[in-house]
$ cat start-v5.txt   # compact mmCIF, N, CA and C atoms
# COMPACT_ATOMS: atom_id res chain seq x y z
N MET A 1 -30.94 -84.32 8.03
CA MET A 1 -30.82 -83.05 8.71
C MET A 1 -29.35 -82.80 9.01
N HIS A 2 -28.94 -81.55 8.90
CA HIS A 2 -27.57 -81.16 9.19
C HIS A 2 -27.55 -80.30 10.43
N PHE A 3 -26.37 -80.16 11.01
CA PHE A 3 -26.22 -79.32 12.18
C PHE A 3 -25.20 -78.24 11.91
N GLN A 4 -25.47 -77.06 12.41
CA GLN A 4 -24.61 -75.89 12.24
C GLN A 4 -24.20 -75.42 13.62
N ILE A 5 -22.96 -75.02 13.76
CA ILE A 5 -22.53 -74.48 15.04
C ILE A 5 -23.13 -73.10 15.19
N GLY A 6 -23.89 -72.90 16.24
CA GLY A 6 -24.54 -71.63 16.49
C GLY A 6 -23.85 -70.87 17.60
N SER A 7 -24.57 -69.97 18.21
CA SER A 7 -24.00 -69.13 19.26
C SER A 7 -23.54 -69.99 20.43
N ARG A 8 -22.50 -69.58 21.06
CA ARG A 8 -21.93 -70.24 22.24
C ARG A 8 -21.54 -71.69 21.97
N GLY A 9 -21.26 -72.00 20.71
CA GLY A 9 -20.80 -73.33 20.37
C GLY A 9 -21.89 -74.39 20.35
N SER A 10 -23.16 -73.99 20.51
CA SER A 10 -24.23 -74.97 20.48
C SER A 10 -24.53 -75.35 19.04
N TYR A 11 -25.11 -76.52 18.86
CA TYR A 11 -25.43 -76.98 17.52
C TYR A 11 -26.88 -76.63 17.21
N VAL A 12 -27.08 -76.05 16.05
CA VAL A 12 -28.40 -75.66 15.61
C VAL A 12 -28.74 -76.49 14.38
N ALA A 13 -29.89 -77.15 14.40
CA ALA A 13 -30.30 -77.96 13.25
C ALA A 13 -30.62 -77.05 12.08
N THR A 14 -30.13 -77.42 10.92
CA THR A 14 -30.44 -76.66 9.71
C THR A 14 -30.94 -77.63 8.66
N THR A 15 -31.79 -77.13 7.78
CA THR A 15 -32.28 -78.00 6.71
C THR A 15 -31.26 -78.05 5.60
N ARG A 16 -31.27 -79.11 4.88
CA ARG A 16 -30.31 -79.31 3.80
C ARG A 16 -30.71 -78.48 2.58
N THR A 17 -29.75 -77.75 2.03
CA THR A 17 -29.96 -77.06 0.77
C THR A 17 -28.96 -77.62 -0.21
N SER A 18 -29.24 -77.48 -1.47
CA SER A 18 -28.30 -78.02 -2.45
C SER A 18 -27.03 -77.19 -2.46
N ALA A 19 -25.96 -77.77 -2.96
CA ALA A 19 -24.67 -77.09 -2.98
C ALA A 19 -24.71 -75.83 -3.80
N GLY A 20 -25.66 -75.69 -4.73
CA GLY A 20 -25.76 -74.52 -5.58
C GLY A 20 -26.50 -73.36 -4.95
N GLU A 21 -26.88 -73.47 -3.68
CA GLU A 21 -27.69 -72.45 -3.04
C GLU A 21 -27.04 -71.85 -1.79
N PRO A 22 -25.75 -71.56 -1.79
CA PRO A 22 -25.15 -71.01 -0.57
C PRO A 22 -25.69 -69.63 -0.19
N LEU A 23 -26.03 -68.81 -1.17
CA LEU A 23 -26.55 -67.48 -0.86
C LEU A 23 -27.92 -67.57 -0.19
N GLU A 24 -28.77 -68.49 -0.65
CA GLU A 24 -30.07 -68.67 -0.01
C GLU A 24 -29.91 -69.18 1.42
N ARG A 25 -28.94 -70.04 1.62
CA ARG A 25 -28.68 -70.54 2.98
C ARG A 25 -28.21 -69.40 3.88
N ILE A 26 -27.33 -68.55 3.36
CA ILE A 26 -26.86 -67.39 4.13
C ILE A 26 -28.03 -66.50 4.50
N GLU A 27 -28.88 -66.20 3.53
CA GLU A 27 -30.04 -65.34 3.78
C GLU A 27 -30.97 -65.94 4.83
N ARG A 28 -31.18 -67.25 4.74
CA ARG A 28 -32.06 -67.91 5.70
C ARG A 28 -31.46 -67.86 7.11
N LEU A 29 -30.19 -68.23 7.21
CA LEU A 29 -29.55 -68.21 8.53
C LEU A 29 -29.50 -66.80 9.10
N ALA A 30 -29.25 -65.82 8.25
CA ALA A 30 -29.16 -64.43 8.70
C ALA A 30 -30.50 -63.91 9.21
N SER A 31 -31.59 -64.45 8.69
CA SER A 31 -32.91 -63.97 9.08
C SER A 31 -33.46 -64.67 10.32
N GLU A 32 -32.79 -65.70 10.79
CA GLU A 32 -33.32 -66.49 11.91
C GLU A 32 -33.02 -65.90 13.28
N ASN A 33 -32.08 -64.96 13.36
CA ASN A 33 -31.71 -64.37 14.65
C ASN A 33 -31.48 -62.88 14.49
N ALA A 34 -31.57 -62.14 15.61
CA ALA A 34 -31.43 -60.68 15.56
C ALA A 34 -30.07 -60.25 15.03
N VAL A 35 -29.00 -60.91 15.48
CA VAL A 35 -27.64 -60.57 15.04
C VAL A 35 -26.93 -61.86 14.66
N VAL A 36 -26.41 -61.90 13.44
CA VAL A 36 -25.72 -63.08 12.94
C VAL A 36 -24.37 -62.65 12.40
N ILE A 37 -23.33 -63.40 12.80
CA ILE A 37 -21.98 -63.17 12.31
C ILE A 37 -21.52 -64.42 11.59
N PHE A 38 -21.08 -64.25 10.34
CA PHE A 38 -20.40 -65.33 9.63
C PHE A 38 -18.92 -65.10 9.84
N SER A 39 -18.25 -66.12 10.34
CA SER A 39 -16.90 -65.97 10.87
C SER A 39 -16.03 -67.16 10.47
N VAL A 40 -14.75 -67.02 10.72
CA VAL A 40 -13.79 -68.12 10.65
C VAL A 40 -13.09 -68.12 12.01
N SER A 41 -13.00 -69.27 12.64
CA SER A 41 -12.54 -69.34 14.03
C SER A 41 -11.14 -68.79 14.25
N SER A 42 -10.28 -68.80 13.24
CA SER A 42 -8.91 -68.32 13.42
C SER A 42 -8.73 -66.86 12.99
N CYS A 43 -9.78 -66.17 12.63
CA CYS A 43 -9.70 -64.80 12.10
C CYS A 43 -9.72 -63.78 13.24
N CYS A 44 -8.69 -62.95 13.31
CA CYS A 44 -8.60 -61.96 14.39
C CYS A 44 -9.66 -60.86 14.24
N MET A 45 -10.01 -60.50 13.02
CA MET A 45 -11.05 -59.49 12.81
C MET A 45 -12.42 -60.04 13.23
N CYS A 46 -12.66 -61.31 12.98
CA CYS A 46 -13.89 -61.95 13.42
C CYS A 46 -13.97 -61.92 14.94
N HIS A 47 -12.87 -62.22 15.59
CA HIS A 47 -12.81 -62.19 17.04
C HIS A 47 -13.12 -60.78 17.56
N ALA A 48 -12.56 -59.77 16.90
CA ALA A 48 -12.78 -58.38 17.32
C ALA A 48 -14.26 -58.00 17.21
N ILE A 49 -14.92 -58.40 16.13
CA ILE A 49 -16.35 -58.10 15.96
C ILE A 49 -17.18 -58.80 17.03
N LYS A 50 -16.85 -60.07 17.31
CA LYS A 50 -17.58 -60.81 18.35
C LYS A 50 -17.40 -60.12 19.70
N ARG A 51 -16.19 -59.71 20.00
CA ARG A 51 -15.92 -59.03 21.28
C ARG A 51 -16.65 -57.69 21.37
N LEU A 52 -16.66 -56.94 20.28
CA LEU A 52 -17.36 -55.66 20.26
C LEU A 52 -18.84 -55.86 20.59
N LEU A 53 -19.49 -56.75 19.87
CA LEU A 53 -20.92 -56.95 20.06
C LEU A 53 -21.23 -57.55 21.43
N CYS A 54 -20.47 -58.53 21.85
CA CYS A 54 -20.69 -59.12 23.19
C CYS A 54 -20.43 -58.08 24.28
N GLY A 55 -19.43 -57.24 24.09
CA GLY A 55 -19.13 -56.18 25.06
C GLY A 55 -20.24 -55.16 25.17
N MET A 56 -21.05 -55.03 24.12
CA MET A 56 -22.19 -54.11 24.14
C MET A 56 -23.42 -54.76 24.76
N GLY A 57 -23.33 -56.05 25.07
CA GLY A 57 -24.46 -56.76 25.65
C GLY A 57 -25.29 -57.53 24.63
N VAL A 58 -24.79 -57.65 23.42
CA VAL A 58 -25.49 -58.38 22.36
C VAL A 58 -25.03 -59.84 22.40
N ASN A 59 -25.95 -60.74 22.13
CA ASN A 59 -25.62 -62.16 22.07
C ASN A 59 -25.79 -62.64 20.63
N PRO A 60 -24.77 -62.42 19.78
CA PRO A 60 -24.92 -62.78 18.37
C PRO A 60 -24.89 -64.29 18.16
N THR A 61 -25.54 -64.73 17.10
CA THR A 61 -25.40 -66.10 16.64
C THR A 61 -24.22 -66.11 15.69
N VAL A 62 -23.28 -66.99 15.94
CA VAL A 62 -22.04 -67.03 15.15
C VAL A 62 -21.98 -68.34 14.37
N TYR A 63 -21.76 -68.22 13.08
CA TYR A 63 -21.57 -69.38 12.23
C TYR A 63 -20.11 -69.41 11.79
N GLU A 64 -19.37 -70.39 12.31
CA GLU A 64 -17.95 -70.55 11.99
C GLU A 64 -17.86 -71.34 10.69
N LEU A 65 -17.54 -70.66 9.61
CA LEU A 65 -17.54 -71.28 8.29
C LEU A 65 -16.48 -72.36 8.13
N ASP A 66 -15.38 -72.25 8.88
CA ASP A 66 -14.34 -73.28 8.78
C ASP A 66 -14.73 -74.57 9.49
N GLU A 67 -15.84 -74.56 10.21
CA GLU A 67 -16.32 -75.75 10.90
C GLU A 67 -17.57 -76.32 10.23
N ASP A 68 -17.92 -75.77 9.08
CA ASP A 68 -19.10 -76.21 8.33
C ASP A 68 -18.63 -76.89 7.05
N PRO A 69 -19.14 -78.08 6.74
CA PRO A 69 -18.71 -78.76 5.52
C PRO A 69 -18.97 -77.95 4.24
N ARG A 70 -19.97 -77.06 4.28
CA ARG A 70 -20.27 -76.21 3.12
C ARG A 70 -19.80 -74.78 3.31
N GLY A 71 -18.93 -74.59 4.29
CA GLY A 71 -18.45 -73.25 4.63
C GLY A 71 -17.70 -72.55 3.52
N LYS A 72 -16.91 -73.29 2.75
CA LYS A 72 -16.14 -72.68 1.65
C LYS A 72 -17.07 -72.08 0.60
N ASP A 73 -18.15 -72.80 0.27
CA ASP A 73 -19.11 -72.28 -0.69
C ASP A 73 -19.80 -71.03 -0.15
N MET A 74 -20.12 -71.06 1.14
CA MET A 74 -20.74 -69.89 1.76
C MET A 74 -19.78 -68.71 1.77
N GLU A 75 -18.50 -68.98 2.04
CA GLU A 75 -17.49 -67.93 2.04
C GLU A 75 -17.37 -67.28 0.65
N LYS A 76 -17.40 -68.11 -0.40
CA LYS A 76 -17.35 -67.58 -1.77
C LYS A 76 -18.58 -66.72 -2.07
N ALA A 77 -19.74 -67.16 -1.60
CA ALA A 77 -20.97 -66.39 -1.81
C ALA A 77 -20.90 -65.06 -1.07
N LEU A 78 -20.34 -65.06 0.13
CA LEU A 78 -20.18 -63.81 0.88
C LEU A 78 -19.22 -62.86 0.18
N MET A 79 -18.15 -63.40 -0.41
CA MET A 79 -17.22 -62.55 -1.17
C MET A 79 -17.92 -61.90 -2.35
N ARG A 80 -18.76 -62.67 -3.05
CA ARG A 80 -19.51 -62.10 -4.18
C ARG A 80 -20.50 -61.05 -3.69
N LEU A 81 -21.16 -61.32 -2.56
CA LEU A 81 -22.14 -60.40 -2.00
C LEU A 81 -21.49 -59.07 -1.62
N LEU A 82 -20.33 -59.15 -0.97
CA LEU A 82 -19.64 -57.95 -0.51
C LEU A 82 -18.78 -57.31 -1.58
N GLY A 83 -18.34 -58.12 -2.53
CA GLY A 83 -17.43 -57.62 -3.55
C GLY A 83 -16.02 -57.42 -3.04
N THR A 84 -15.70 -58.09 -1.93
CA THR A 84 -14.37 -57.96 -1.33
C THR A 84 -13.83 -59.31 -0.90
N SER A 85 -12.56 -59.31 -0.63
CA SER A 85 -11.89 -60.47 -0.05
C SER A 85 -11.01 -59.94 1.06
N PRO A 86 -10.93 -60.51 2.21
CA PRO A 86 -11.57 -61.75 2.67
C PRO A 86 -13.06 -61.55 2.90
N ALA A 87 -13.74 -62.67 2.99
CA ALA A 87 -15.20 -62.64 3.09
C ALA A 87 -15.71 -62.50 4.52
N VAL A 88 -14.88 -62.68 5.49
CA VAL A 88 -15.33 -62.64 6.89
C VAL A 88 -14.53 -61.62 7.68
N PRO A 89 -15.10 -61.08 8.73
CA PRO A 89 -16.43 -61.31 9.25
C PRO A 89 -17.50 -60.58 8.43
N VAL A 90 -18.69 -61.14 8.44
CA VAL A 90 -19.85 -60.48 7.83
C VAL A 90 -20.95 -60.48 8.88
N VAL A 91 -21.56 -59.31 9.07
CA VAL A 91 -22.57 -59.14 10.11
C VAL A 91 -23.91 -58.80 9.48
N PHE A 92 -24.95 -59.50 9.95
CA PHE A 92 -26.33 -59.20 9.59
C PHE A 92 -27.05 -58.80 10.88
N ILE A 93 -27.81 -57.73 10.82
CA ILE A 93 -28.61 -57.29 11.97
C ILE A 93 -30.05 -57.16 11.49
N GLY A 94 -30.94 -57.84 12.20
CA GLY A 94 -32.34 -57.83 11.80
C GLY A 94 -32.56 -58.43 10.42
N GLY A 95 -31.73 -59.39 10.05
CA GLY A 95 -31.83 -60.04 8.75
C GLY A 95 -31.26 -59.24 7.60
N LYS A 96 -30.74 -58.04 7.88
CA LYS A 96 -30.20 -57.18 6.83
C LYS A 96 -28.68 -57.12 6.91
N LEU A 97 -28.05 -57.15 5.76
CA LEU A 97 -26.60 -57.08 5.69
C LEU A 97 -26.11 -55.73 6.18
N VAL A 98 -25.25 -55.75 7.21
CA VAL A 98 -24.56 -54.53 7.65
C VAL A 98 -23.24 -54.44 6.90
N GLY A 99 -22.52 -55.55 6.86
CA GLY A 99 -21.28 -55.59 6.10
C GLY A 99 -20.16 -56.24 6.87
N ALA A 100 -18.96 -55.93 6.43
CA ALA A 100 -17.75 -56.49 7.02
C ALA A 100 -17.28 -55.60 8.16
N MET A 101 -16.09 -55.86 8.63
CA MET A 101 -15.51 -55.16 9.78
C MET A 101 -15.56 -53.64 9.60
N ASP A 102 -15.18 -53.14 8.43
CA ASP A 102 -15.13 -51.69 8.23
C ASP A 102 -16.49 -51.04 8.38
N ARG A 103 -17.54 -51.66 7.86
CA ARG A 103 -18.89 -51.09 7.94
C ARG A 103 -19.43 -51.15 9.37
N VAL A 104 -19.16 -52.24 10.06
CA VAL A 104 -19.63 -52.37 11.44
C VAL A 104 -18.93 -51.35 12.33
N MET A 105 -17.62 -51.21 12.18
CA MET A 105 -16.88 -50.23 12.99
C MET A 105 -17.31 -48.81 12.66
N ALA A 106 -17.52 -48.50 11.39
CA ALA A 106 -17.98 -47.16 11.00
C ALA A 106 -19.35 -46.87 11.62
N SER A 107 -20.23 -47.87 11.62
CA SER A 107 -21.55 -47.70 12.24
C SER A 107 -21.43 -47.49 13.74
N HIS A 108 -20.51 -48.19 14.36
CA HIS A 108 -20.28 -48.03 15.80
C HIS A 108 -19.77 -46.62 16.09
N ILE A 109 -18.80 -46.17 15.33
CA ILE A 109 -18.20 -44.86 15.56
C ILE A 109 -19.19 -43.73 15.28
N ASN A 110 -19.97 -43.83 14.21
CA ASN A 110 -20.88 -42.73 13.89
C ASN A 110 -22.22 -42.79 14.64
N GLY A 111 -22.38 -43.79 15.49
CA GLY A 111 -23.55 -43.85 16.36
C GLY A 111 -24.78 -44.53 15.76
N THR A 112 -24.66 -45.17 14.62
CA THR A 112 -25.83 -45.82 14.02
C THR A 112 -25.96 -47.30 14.38
N LEU A 113 -24.93 -47.88 15.00
CA LEU A 113 -24.98 -49.30 15.33
C LEU A 113 -25.99 -49.60 16.44
N VAL A 114 -25.97 -48.82 17.50
CA VAL A 114 -26.88 -49.07 18.63
C VAL A 114 -28.34 -48.98 18.20
N PRO A 115 -28.76 -47.96 17.44
CA PRO A 115 -30.16 -47.96 16.99
C PRO A 115 -30.53 -49.18 16.13
N LEU A 116 -29.60 -49.65 15.28
CA LEU A 116 -29.85 -50.86 14.50
C LEU A 116 -30.08 -52.06 15.41
N LEU A 117 -29.23 -52.19 16.42
CA LEU A 117 -29.34 -53.30 17.36
C LEU A 117 -30.64 -53.23 18.15
N LYS A 118 -31.03 -52.04 18.55
CA LYS A 118 -32.30 -51.87 19.29
C LYS A 118 -33.49 -52.22 18.40
N GLN A 119 -33.46 -51.74 17.17
CA GLN A 119 -34.55 -52.01 16.24
C GLN A 119 -34.71 -53.50 15.98
N ALA A 120 -33.60 -54.24 15.96
CA ALA A 120 -33.64 -55.68 15.73
C ALA A 120 -34.01 -56.46 16.98
N GLY A 121 -34.08 -55.78 18.12
CA GLY A 121 -34.40 -56.46 19.38
C GLY A 121 -33.22 -57.15 20.01
N ALA A 122 -32.02 -56.76 19.62
CA ALA A 122 -30.81 -57.38 20.15
C ALA A 122 -30.21 -56.63 21.33
N LEU A 123 -30.72 -55.44 21.58
CA LEU A 123 -30.15 -54.59 22.62
C LEU A 123 -31.28 -53.84 23.30
N TRP A 124 -31.26 -53.84 24.61
CA TRP A 124 -32.27 -53.14 25.38
C TRP A 124 -31.58 -52.13 26.27
N LEU A 125 -31.42 -50.94 25.80
CA LEU A 125 -30.80 -49.88 26.60
C LEU A 125 -31.79 -48.83 26.98

$ encode --input "start-v5.txt" --output "structure tokens"
Amino acid sequence: MHFQIGSRGSYVATTRTSAGEPLERIERLASENAVVIFSVSSCCMCHAIKRLLCGMGVNPTVYELDEDPRGKDMEKALMRLLGTSPAVPVVFIGGKLVGAMDRVMASHINGTLVPLLKQAGALWL
């Protein structure tokens, strides 16, 4: 059994997947909680997304890829999924990909972020 750093720095047990399955691991982790952020601990944009969501009263589960032995493979899979570089931050709400910083901020500005969070059960306003 492996351990993954989850929300608030706690360790969450994860099952082992083969090295060739980083996308399946991402999908599984993203579906386990209402809001999931794939992040790198030194990334300022990742920090901004975490602050935005926490400031709204959301308690996201954060996976710091630089602290995961398979994080580089997951980061590459996220880059392929998004078609962009850098690969982080990436936000999933209700198990569905919202996107990187630009998509999350656009959703916040145009008013669609709060309904997504409510629908996923991450926000009670």

$ closest_residue --input "start-v5.txt" --among "A:Ala77, A:Ala122, A:Val88, A:Leu116" --to "Met45 (chain A)" --atoms "all atoms listed in the file"
A:Val88

$ atom_distance --input "start-v5.txt" --atom1 "atom C of Phe38 (chain A)" --atom2 "CA of Leu23 (chain A)"
13.4 Å

$ closest_residue --input "start-v5.txt" --among "A:Arg25, A:Thr61, A:Val36, A:Gly121" --to "Met74 (chain A)" --atoms "all atoms listed in the file"
A:Arg25

$ select_by_dssp --input "start-v5.txt" --residues "region 25-99 of chain A" --states "helix (DSSP H, G or I)" --output "ChimeraX atom specification"
/A:25-31,44-55,65-67,71-82

$ closest_residue --input "start-v5.txt" --among "A:Val104, A:Ser39, A:Ala120, A:Leu52" --to "Leu78 (chain A)" --atoms "only C-alpha atoms"
A:Ser39

$ residues_around --input "start-v5.txt" --residues "region 93-98 of chain A" --least-positions-apart "2" --cutoff "7 Å" --atoms "all atoms listed in the file" --output "list in words"
Ala30, Ser31, Glu32, Asn33, Ala34, Val35, Val36, Val90, Val91, Ala100, Arg103, Val104, Leu116, Leu117, Gln119, Ala120 and Gly121 of chain A

$ residues_near_point --input "start-v5.txt" --point "(-11.2, -57.1, 10.8)" --cutoff "6.5 Å" --atoms "all atoms listed in the file" --output "list in words"
Cys44, Met45, Cys46, Val88, Pro89, Met101 and Asp102 of chain A

$ residues_around --input "start-v5.txt" --residues "Glu67 (chain A)" --least-positions-apart "4" --cutoff "7 Å" --atoms "all atoms listed in the file" --output "PyMOL selection string"
chain A and resi 5+40-41+63+71

$ atom_distance --input "start-v5.txt" --atom1 "atom N of Pro60 (chain A)" --atom2 "CA of Gly111 (chain A)"
18.9 Å

$ select_by_dssp --input "start-v5.txt" --residues "region 12-125 of chain A" --states "strand (DSSP E)" --output "list in words"
Val12, Ala13, Thr14, Val35, Val36, Ile37, Phe38, Ser39, Thr61, Val62, Tyr63, Glu64, Val90, Val91, Phe92, Ile93, Lys96, Leu97, Val98 and Gly99 of chain A

$ atom_distance --input "start-v5.txt" --atom1 "atom C of Val62 (chain A)" --atom2 "CA of Ile37 (chain A)"
5.6 Å
